[in-house]
Amino acid sequence: MTVNDKDIAISDKGAKILEYLESGKWPSHVTEIKKTKYPIRAYSSGLAIGETQWYGGSAKIRYVYTGFIARRTKDGKDSELHFRIYHPSGQFYRTEMLRKILDFSDEYGLGLIEVIGQTGGMIISMNPERADEAIDAIRNLGTDVGDTGDTYRDFASCVGPALCEYSLYDTLQARDHYMTYEPIYNNLSNQLFPFKVKLKFSGCPMDCARASHRADFGFIGTWEGSPDVDWGLLQDKIRKDDLKIERLIKECPSGAISENRESGGIKIDSEKCKKSMNCIRYAFPAIKPGKNRKVALLAGGNIKGRFGPKMGKPVSILDDYAQAKEFIMKIISIWEDGSPHKDRIGDMLFKSGFSKTVEAVSSSLPTEIEGHPTGQQRIIASAVLTDEEREGYSKWVDNIVKEYGE
Amino acid sequence: MTVNDKDIAISDKGAKILEYLESGKWPSHVTEIKKTKYPIRAYSSGLAIGETQWYGGSAKIRYVYTGFIARRTKDGKDSELHFRIYHPSGQFYRTEMLRKILDFSDEYGLGLIEVIGQTGGMIISMNPERADEAIDAIRNLGTDVGDTGDTYRDFASCVGPALCEYSLYDTLQARDHYMTYEPIYNNLSNQLFPFKVKLKFSGCPMDCARASHRADFGFIGTWEGSPDVDWGLLQDKIRKDDLKIERLIKECPSGAISENRESGGIKIDSEKCKKSMNCIRYAFPAIKPGKNRKVALLAGGNIKGRFGPKMGKPVSILDDYAQAKEFIMKIISIWEDGSPHKDRIGDMLFKSGFSKTVEAVSSSLPTEIEGHPTGQQRIIASAVLTDEEREGYSKWVDNIVKEYGE
Amino acid sequence: MSTNLSERMKKRLPVPYTDSLPEEIKSNLGKWADRKFHGGGIIEHISEKGDHLFTIKVGSPPNARFSSNTLRVFADIEDKFGIGTLRFTRSGNVEFISDSLEKSLLIKNEIEKMGFHAGGWRNSLWSIGSCTAYLSCTTAVADSSSITKVLYDQFGKYFTDEESIPAKLRISVAGCPTACGGLTSDIVVVGHYGDAPSFDPQKIGLCLPRSAKALEVAVPEVVMVCPMKCISAFKKDDDTVGIQINREKCIACGRCKDVCDYITFDTTKIGISILVGGKSSNTGRGQNLAMVLIPWIPISPPNYREVVAVLQKIIDMWKGNAVAGERLADYVRRIGLREFQKALDIPVTRWNNTEFVSSEFGIRQFPVR
Amino acid sequence: MSTNLSERMKKRLPVPYTDSLPEEIKSNLGKWADRKFHGGGIIEHISEKGDHLFTIKVGSPPNARFSSNTLRVFADIEDKFGIGTLRFTRSGNVEFISDSLEKSLLIKNEIEKMGFHAGGWRNSLWSIGSCTAYLSCTTAVADSSSITKVLYDQFGKYFTDEESIPAKLRISVAGCPTACGGLTSDIVVVGHYGDAPSFDPQKIGLCLPRSAKALEVAVPEVVMVCPMKCISAFKKDDDTVGIQINREKCIACGRCKDVCDYITFDTTKIGISILVGGKSSNTGRGQNLAMVLIPWIPISPPNYREVVAVLQKIIDMWKGNAVAGERLADYVRRIGLREFQKALDIPVTRWNNTEFVSSEFGIRQFPVR
Ligand code: SRM
Ligand code: SRM
Ligand code: SRM
Ligand code: SRM
Ligand code: SF4
Ligand code: SF4
Ligand code: SF4
Ligand code: SF4
Ligand code: SF4
Ligand code: SF4
Ligand code: SF4
Ligand code: SF4
């Protein structure tokens, strides 16, 4: 085959694949893309060859260092550039504003939008030629490009108080708060970190923002003690047969719920409740999250880094999401100091020993979070006690000594 | 109080404490010590003051660098020196030999012996003046000093085949084997390691030698599959009411045992058995350790090191204890290269990532040991497959595709 | 453009978020007291003030890719029947908002006419998340977007409640082991090479220091990033730098390719791995990373029949055996991955076998079977 | 002495071990087919050849310390009634060996006349292990040997089977946090300072480099060993080296004192911590490191009434609640340390609270009570 023949073969095969991808019941990305100026040839030949056609490209956008990605195809025929744009927290758009963004996308871009990426940005495919002026245009709309490079990425929050009845703190305000916190805000354009940093905010243990795994620092609403029960409502539901006590008991994964004829049918052991939300989602609003609201702070989650996937690990139970600022800044400065390129914060914590490092900088945090009550107990025999602690133990032992005679 | 008065007060208080320690039903170490030339004043004044009276001392023993420890008291009045002497594996002494050692202890030492230390040595308190010649004397008895410093310490084994019916390999020979293995033997006098190295050998999962925690490299006898059942004997025991099936079932911590009327009353699920030995010790010899004998190799145990107490972690299941030599030497050489003083092997493994380091040097070992079957599964999405593996999966998927129509 | 350079470096953030909210939501912030699920993607939100709002969740095309055209029609529909506000969910779907059930059904009707579907709450498929892959990603191995399309065609029935499943189901598809969608979905499909890399001996130099002297002071990045230490750099006779790749130790993670375009892989060995058991929600047994069910199966674009069949098999197994309300992730953990593999008769190799975690000192020590 | 120096550096090992065995054992090596427990420390070993041997376990004084005198008498007794062979067990006890039950009882009788006790197999106290402590150790905080004596006086009843307990009980006593006896005993008693160290400003120099220039190339050992990084070295005006100790972060582990005799502690705050739940055997729930039950109680030598009372309380609690055959370690793990603490009404502070393990990523994330 000549080069040309080969090209034609690829192009034919690609076209057939695209056709297939436009069939079927579900809305097709290909159908959408075909309505835009996106160089679909790059996609179809990628599919035909079985290999992505994209290499890193370059772009000229003056004095803007994060928030866009430039691409060129391996054969040099096409190029692409996309902006990663900050959504307002919650991703609500009045149609008027949405239309402005669409106009922007048509005027400066290809008319193709990934409405929200996995991290949380809106990804708009641009016309590379007009990218520089587009920056000013998007700013005029009240938002900006961001969310790439070795810096703070876009932060993300669940819809929280704007629509959700479970929300235990204002996740949207929390995102705003951290995005505009000066030491963070001032760094959104710098690529000075060893790797990326992400914060995510979920309003309750359902963790709709996936803050437990996909964030270097995760904030998850929780509470102390038992869920909050409206006994009247609960008895109503039971009476109406809307709710079965057996199911409540069976579905509680921590065995915290037991039958109790006196007080409305059930009893919840606050020490045992693991905040699974199972009873709450079943019996809402007769059972709600507890009233003593807290925010769990997790650290170290990420997908890859040096040591592979990690769940974030609990650091502290905050009274208020704002309490974590000092801690986060300290952890980042340790990480910045000593970590090689491509080590995420979780890798650093893993290497240096999570609890050691966290403890060393956690003085600004409230109550330390408790671990699993499974044998993961302190095994270090020594301790530096305060006089108060010493007294407590002395008193206790005095009683025992008395009990057993001297 | 004058200095003298103070000394007398201490001495009086000390004497009273000693007196107390000689009362009571259990044999007293003080009573024993009083029969010897050990400077008991150092002990009694320590007790009176509430502080050990010993500082590191120095000793002149020519060309011998490990195996003895010299002490002096803080006030400089007393000094002490003790030998740590190798027991023969199993610590058996014909009385004739024992008497020779006792004579040695009286002639060159203080007549005081700690018959076996926590590591495994025999500790003989010496007369510092005669320590140098004592070396030659103890060698003439067929053993030597050893077991101190940053080198291989005394290795230890359980009594194993010499007295124990559970023994799954010859723990005594194993100790001999490793003590005399040239690369180890040649290093018994050198203090070139970052810290100490200990090997321990237990004949079965009872782990009488505490190889799971108190050894950098632990060897523990085990087996593959179910325990070995002598069905005839078992039925005998049941018939005679020597043994209750319910208890067998109840005490198996892994739920491997179930009732089975046909085959002698019970059935053991070999996949589930965790080698707890519970059924074996209860029903012995009707139930014995399995016949497919193996030796579990553990690494990284120690009591303190840099990161605190650690249990050794399983590395491999050996067919023979001798198979671990290459592995041990490789781990030690990595440790030697890169670890600061006072980092045990477990600390190094902890820092560098246990499985990563172990895997990198485990090529000389047989079957890799399996982990807990609890969710600790592979989470790394990628893999480099052999053609065979690829074929296996392809075949499997072909069937599924067929099942669901194309 | 602003003439002040430091000004241009400053980001313009869309804060405060309340500026983007319609009055109906602003006045009810944090006051939602109850909700009703009306099926078909519609939730009624009831505020303590007595207000009612309805959200209609509409499934997006793969990779949440829309033309400005389509979104403009969405805006028109919302203006006609809704309160003039749309939102994009964390998982890439679109929510229309209206103030009555009737209007919500009209919205639903409109988008269905366009070929879209509403659905995806409670015991249903909530979404199939896809990364960008061949659409613009440099490190993509398989094309997640087209796989996602095919999976949606097959499993859309669980989104629209046409067929029921025991609990929420979340699927993620990633084009490469970077897995931008993360590992906390019930099912995670990940494209990977299935083989160790080679490199273009000419061009690789572009990723390496020019002179071997540089090796004395620094390790080239492509060497450093390899988690298995498979890549080593050496001085060539002409004083330039060469590399070697130890194929035995490689896990095909692609990190080397992430930092150097001239690392290449044999594309005939490409496949996907399937992981199960992930979730981020604290319900049931709590959060968990997904685990490798099967490390590799071949793929046949564009119908990806292998992936579709295996996922259907997994879902059927779950449907047939889970307790009501039990997520796939919880089900797999309850019975154990090993049992799940056995039931599906999946060959077990070192790649989908039980693994150690790096510092799991101190568990029961005698696991030999 | 050998005139060849390299010869003197070579160790003389007592190998092969078979040289030290009596014929009765050598000929039955690995052939033991059954055993009977006759109580009172006597085991009958039955070989497949039909031979019978009896071992009699005799408890040692604290720290396994014997005068040569006593051991000589032991040898005489063994020669009279036994097969002329003694052994020392891994845990510091002495085993006499004979060839009949009758003679074993005679041996038992003889050693009892001397004030010793035989016992300690199966459901009993097997031993109380003690380290050296004030007898010759430099880092000892409390004197484990005297504590052990007092404990044996109290709990010897469980060794001799005078009183029964549910399962094997192993106690270790250590003079300092180094815990030479390890942490795999059911109960571990550990002496420690309970306070951060100071140092003798004059003498500390002996543990430091003479000139501050040395700081540029190396960290002084006393600084390096601190696991909490509490100790820092600095250049003094006169160019010598000084140190500072951050008392806030210290855990009183004593590692600094291990390497430098001039680190000092306030001895009035000395106490002992008590750990429970350790075992190395794979029975029941398997191996486990002991966990801190109570981080500190004061001690009152020589009767150590606090230690004795607390241990008796722990044992009573276990006796009263464990299933037959359940070791203290298994019992504590079954009910959970927390419950155990509650039942004993022990104050919980940061020192005996649940702790994280360094890399426990990925467990259920919402443990708030
Ligand atoms: C666009 C997006 C996928 C999507 O379509 O949704 C994406 C696309 C890429 N990701 Fe990602 N990641 C995207 C969200 C994520 C997430 C999800 C999240 O943030 O919740 C993760 C996992 C969470 C985390 O951070 O751990 C993620 C983990 C990665 C990683 C692994 C990072 C690590 O921990 O090692 C890489 C590799 C790297 O950066 O070296 C990566 C790298 C990439 C690159 C830059 C690879 C490349 O150079 O080609 C991809 C660019 C594709 C492109 O330009 O078309 N992407 N990436 C997502 C960002 C859009 C947005 O702003 O919303
Ligand atoms: C004598 C002995 C206690 C006894 O009476 O049984 C002992 C005594 C000392 N040990 Fe030990 N250790 C003794 C067995 C152990 C064991 C038990 C074992 O080996 O099974 C351990 C725990 C196992 C392990 O290695 O992890 C042990 C872990 C330590 C440590 C902590 C090591 C670490 O991992 O960090 C130290 C501190 C050090 O070496 O810096 C230590 C240090 C010491 C020193 C040298 C401290 C000192 O400088 O004063 C003690 C010397 C006391 C003396 O001269 O009177 N000793 N030491 C044991 C050795 C005698 C023998 O050969 O049998
Ligand atoms: C809209 C959204 C948040 C957002 O900021 O965009 C959301 C919002 C709600 N989630 Fe969620 N979840 C959203 C993604 C998630 C995710 C993330 C994901 O899927 O990628 C998770 C956790 C991931 C996981 O799979 O573990 C998540 C786990 C839950 C759960 C737990 C489900 C379970 O069985 O484990 C519930 C409770 C339930 O369904 O009963 C829940 C429940 C809810 C409800 C419906 C509250 C309720 O049940 O009353 C929230 C409705 C608010 C509303 O009307 O807008 N939400 N929810 C996300 C919609 C995604 C979508 O388009 O499908
Ligand atoms: C003699 C000794 C080995 C040695 O080389 O010195 C030994 C030897 C035996 N042990 Fe052991 N164990 C010896 C220390 C240990 C230790 C270590 C320790 O105590 O410091 C352990 C593990 C530590 C722990 O606490 O977890 C140990 C855990 C066991 C067990 C498991 C007990 C349990 O309930 O968990 C058994 C089985 C049993 O008792 O049923 C056992 C059983 C045995 C028996 C009695 C075998 C039997 O039940 O048929 C062995 C008798 C051989 C003999 O007659 O000489 N041996 N045994 C040790 C005697 C120590 C002593 O003086 O008291
Ligand atoms: S995380 Fe909780 S508060 Fe946030 S949207 Fe989900 S269910 Fe609602
Ligand atoms: S929230 Fe979950 S753990 Fe807590 S009581 Fe309800 S069902 Fe049980
Ligand atoms: S470890 Fe096993 S073989 Fe060794 S003495 Fe103990 S019970 Fe016997
Ligand atoms: S050895 Fe233990 S785990 Fe195995 S069958 Fe017997 S009792 Fe069960
Ligand atoms: S998962 Fe891989 S292919 Fe997909 S966008 Fe992320 S880096 Fe690209
Ligand atoms: S694919 Fe990953 S493991 Fe293999 S050589 Fe590249 S970086 Fe190393
Ligand atoms: S535990 Fe402490 S006091 Fe006892 S011998 Fe070991 S180092 Fe010395
Ligand atoms: S006692 Fe331990 S923690 Fe405290 S200063 Fe000394 S070495 Fe550091």
# chains A, B, ... in the order shown; residues from 1 in each chain; ligands from 1
$ residues_around --residues "Ile303 in chain A" --least-positions-apart "3" --cutoff "9 Å" --atoms "only C-alpha atoms" --output "list of chain:residue names"
A:His213, A:Arg214, A:Ala215, A:Gly308, A:Pro309, A:Lys310, A:Met311, C:Thr178, C:Ala179, C:Cys180, C:Gly181, C:Gly182, C:Leu183
$ select_by_dssp --residues "range 45-245 of chain C" --states "helix (DSSP H, G or I)" --output "MDAnalysis selection string"
chainID C and resid 62:64 68:81 101:113 133:135 144:159 203:207 214:217 221:224
$ calpha_fit_rmsd --fixed "chain A" --moving "chain B"
0.2 Å
$ residues_around --residues "range 330-332 of chain A" --least-positions-apart "2" --cutoff "9 Å" --atoms "only C-alpha atoms" --output "PyMOL selection string"
chain A and resi 193+197+325-328+334-337+345+357-358+361-362
$ write_last_selection --atoms "N, CA, C and O atoms" --output "mmCIF file, in the first residue's frame"
data_model
loop_
_atom_site.group_PDB
_atom_site.id
_atom_site.type_symbol
_atom_site.label_atom_id
_atom_site.label_comp_id
_atom_site.auth_asym_id
_atom_site.auth_seq_id
_atom_site.Cartn_x
_atom_site.Cartn_y
_atom_site.Cartn_z
ATOM 1 N N PHE A 193 5.025 23.043 42.744
ATOM 2 C CA PHE A 193 4.908 21.874 43.612
ATOM 3 C C PHE A 193 5.526 20.638 42.959
ATOM 4 O O PHE A 193 5.724 20.607 41.755
ATOM 5 N N VAL A 197 -2.248 19.186 43.614
ATOM 6 C CA VAL A 197 -2.926 19.128 44.916
ATOM 7 C C VAL A 197 -4.424 19.342 44.713
ATOM 8 O O VAL A 197 -4.838 20.287 44.050
ATOM 9 N N LYS A 325 -6.876 24.855 57.658
ATOM 10 C CA LYS A 325 -5.960 25.625 56.816
ATOM 11 C C LYS A 325 -4.492 25.515 57.231
ATOM 12 O O LYS A 325 -3.627 25.212 56.419
ATOM 13 N N GLU A 326 -4.240 25.747 58.493
ATOM 14 C CA GLU A 326 -2.860 25.727 58.956
ATOM 15 C C GLU A 326 -2.236 24.346 58.731
ATOM 16 O O GLU A 326 -1.109 24.227 58.251
ATOM 17 N N PHE A 327 -3.013 23.335 59.068
ATOM 18 C CA PHE A 327 -2.533 21.968 58.886
ATOM 19 C C PHE A 327 -2.166 21.698 57.423
ATOM 20 O O PHE A 327 -1.095 21.174 57.110
ATOM 21 N N ILE A 328 -3.057 22.076 56.535
ATOM 22 C CA ILE A 328 -2.819 21.818 55.113
ATOM 23 C C ILE A 328 -1.566 22.549 54.639
ATOM 24 O O ILE A 328 -0.723 21.980 53.927
ATOM 25 N N ILE A 334 6.020 20.708 53.967
ATOM 26 C CA ILE A 334 6.927 19.555 54.145
ATOM 27 C C ILE A 334 7.078 18.810 52.815
ATOM 28 O O ILE A 334 8.169 18.433 52.405
ATOM 29 N N TRP A 335 5.954 18.658 52.130
ATOM 30 C CA TRP A 335 5.933 17.913 50.870
ATOM 31 C C TRP A 335 6.770 18.646 49.818
ATOM 32 O O TRP A 335 7.594 18.044 49.125
ATOM 33 N N GLU A 336 6.564 19.931 49.753
ATOM 34 C CA GLU A 336 7.262 20.776 48.795
ATOM 35 C C GLU A 336 8.773 20.681 48.990
ATOM 36 O O GLU A 336 9.540 20.614 48.043
ATOM 37 N N ASP A 337 9.158 20.685 50.236
ATOM 38 C CA ASP A 337 10.579 20.636 50.593
ATOM 39 C C ASP A 337 11.258 19.385 50.110
ATOM 40 O O ASP A 337 12.339 19.430 49.548
ATOM 41 N N ILE A 345 1.026 13.968 47.722
ATOM 42 C CA ILE A 345 1.100 14.134 49.173
ATOM 43 C C ILE A 345 0.942 12.788 49.885
ATOM 44 O O ILE A 345 1.637 12.493 50.856
ATOM 45 N N THR A 357 4.066 11.927 60.699
ATOM 46 C CA THR A 357 4.076 13.218 60.035
ATOM 47 C C THR A 357 2.849 14.034 60.407
ATOM 48 O O THR A 357 2.941 15.225 60.700
ATOM 49 N N VAL A 358 1.718 13.378 60.395
ATOM 50 C CA VAL A 358 0.491 14.099 60.697
ATOM 51 C C VAL A 358 0.513 14.624 62.130
ATOM 52 O O VAL A 358 0.205 15.774 62.389
ATOM 53 N N VAL A 361 2.436 17.845 62.849
ATOM 54 C CA VAL A 361 1.923 19.162 62.441
ATOM 55 C C VAL A 361 0.455 19.353 62.791
ATOM 56 O O VAL A 361 -0.163 20.301 62.341
ATOM 57 N N SER A 362 -0.093 18.478 63.595
ATOM 58 C CA SER A 362 -1.535 18.550 63.795
ATOM 59 C C SER A 362 -1.939 19.420 64.982
ATOM 60 O O SER A 362 -3.091 19.433 65.371
#
$ residues_around --residues "Ser58 in chain B" --least-positions-apart "4" --cutoff "10 Å" --atoms "only C-alpha atoms" --output "PyMOL selection string"
chain B and resi 69-72+79-81+128
$ interface_residues --of "chain A" --to "chain C" --cutoff "6 Å" --atoms "only C-alpha atoms" --output "VMD selection string"
chain A and resid 17 24 to 29 32 43 52 54 to 55 63 to 64 88 to 89 91 to 95 102 111 to 116 118 136 142 to 144 161 to 162 165 205 to 207 210 253 276 to 278 303
